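Colleague: Please read through the structure below; I'll follow up with questions.
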Amino acid sequence: MSNPTVTEVADGVHFVQGKAVNWTLITDGDAFTLVDGGYPGDLDAVLSSIEQIGRTLDQLAAVLVTHAHVDHIGSLPKLLDGRNVPVLTSATEARHARREFLEQATPLQVAAASWRPRVLAWSLHVVAAGGMTKAGVPQATAYAGGPLDVPGRPVPIVTPGHTSGHTCYHVPAAGVLLTGDALVTGHATVGRTGPQVLAGMFHHDPAENRRSLRRLGSLSGDVLLPGHGDAWHGSYADAVDQALA
């Protein structure tokens with residue numbers, strides 16, 4: 001896999017765009033926090049992104065998970081093998097990450113939409129990237145409120161809908177909001193760009209996801225980092241309005 005694109009969007013906040021999904025590295029001194037981790041096949045790309053910001057895996061202080069779909073936690077089992085690094089998310093999503101239950105688009109839903117060329121191409125990438133595995137992250141645990149005592153001191157905001165325990169992370173000091181898949185700016189299955197919500201088949205509860213987005217509009221900052229698509233610059237209220245329009 002080619003090297004991912006790494007952009008420092010704010011002081012110490014590095015936005016990483018892989019081939020089909022994004023993750024973020026937040027530094028504080030030598031230590032750093034990883035938010036999400038791509039597909040199983042993105043392991044080398046995650047390691048490359050860490051190297052590109054001048055850090056090593058030994059300096060990883062914590063992993064935060066927006067949600068436990070395979071394209072966001074897939075690399076973590078191998079990445080963290082033999083390492084005592086906390087993996088934090090909401091209480092509900094920690095259970096999802098441990099695979100006590102599974103919420104994601106079913107093969108039947110994807111097959112029903114595969115007449116669309118973009119969906120077919122995306123589904124082939126999922127298979128090639130190891131996306132058919134149901135492996136979880138056994139060490140995932142619930143955070144105890146926020147700001148979290150990890151590099152960047154992000155504030156978790158539970159935004160259920162995409163999954164039952166989906167969490168966004170606000171980094172007030174940097175003016176950055178990480179929205180996972182609650183709000184994205186693009187996806188391999190669609191041609192349009194800009195703030196938007198994913199197709200209904202990707203959400204556990206599409207209506208609840210839309211309701212959750214309203215919680216983001218009053219936050220301070222002007223950089224939005226989605227799980228899919230490019231970084232977006234502007235007010236969060238405008239991004240939410242565009243996504244819900």
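As shown in the structure tokens, the chain order sets the letters A, B, ...; within each chain, residues go from 1, and ligands are also counted from 1 in the order they appear.
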Among range 100-190 of chain A, which residues carry a DSSP assignment of strand (DSSP E or B), reported as a VMD selection string?
Modeller: chain A and resid 140 to 142 155 to 158 167 to 171 176 to 180 184
Colleague: Show me, as a ChimeraX atom specification, the residues that have an atom within 10 Å of Leu57 in chain A when counting only C-alpha atoms, minus same-chain residues fewer than 4 positions from it.
Modeller: /A:31-32,46-47,50-51,61,79-80,83
Colleague: Kindly indicate which residue among A:Ala94, A:Leu178, A:Met201, A:Ala20 lies nearest to Pro107 in chain A, using only C-alpha atoms for the distances.
Modeller: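 So, comparing all the options, the nearest one is A:Met201.
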Colleague: Can you tell me which residues surround range 158-168 of chain A at a distance of at most 6 Å, considering only C-alpha atoms, apart from same-chain residues fewer than 6 positions away, and format the answer as a list in words?
Modeller: Thr66, His67, Ser90, Thr92, Glu93, Leu178, Thr179, Ala182, His203, His204, Asp205, Pro206, Glu208, Asn209 and Ser212 of chain A
Colleague: Just list as a list in words whatever in range 4-107 of chain A DSSP marks as alpha helix (DSSP H).
Modeller: Leu43, Asp44, Ala45, Val46, Leu47, Ser48, Ser49, Ile50, Glu51, Gln52, Val70, Asp71, His72, Ile73, Leu76, Pro77, Lys78, Leu79, Ala91, Thr92, Glu93, Ala94, Arg95, His96, Ala97 and Pro107 of chain A
Colleague: May I have the residues within 10 Å of Lys19 in chain A as a PyMOL selection string, using only C-alpha atoms and disregarding those fewer than 3 positions away in the same chain?
Modeller: chain A and resi 1-5+16+22+38-39+42+45+125+129+188+228
Colleague: With distances taken over only C-alpha atoms, which of A:Gly54, A:Pro147, A:Gly180, A:Gly221 is nearest to Trp23 in chain A?
Modeller: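 Closest residue, counting only C-alpha atoms: A:Gly180.
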Colleague: Give me the residues within 9 Å of Gly12 in chain A as a count of residues only, counting only C-alpha atoms and dropping any in the same chain fewer than 5 places off.
Modeller: 8
Colleague: Could you name the residues that touch Leu148 in chain A at 10 Å or less, counting only C-alpha atoms, but leaving out those on the same chain fewer than 5 positions away, as a PyMOL selection string?
Modeller: chain A and resi 64+88+143+153-156+169
Colleague: Between CA of Val65 in chain A and CA of Thr193 in chain A, what is the spacing in Å?
Modeller: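 Pair CA of Thr193 in chain A / CA of Val65 in chain A returns 24.1 Å.
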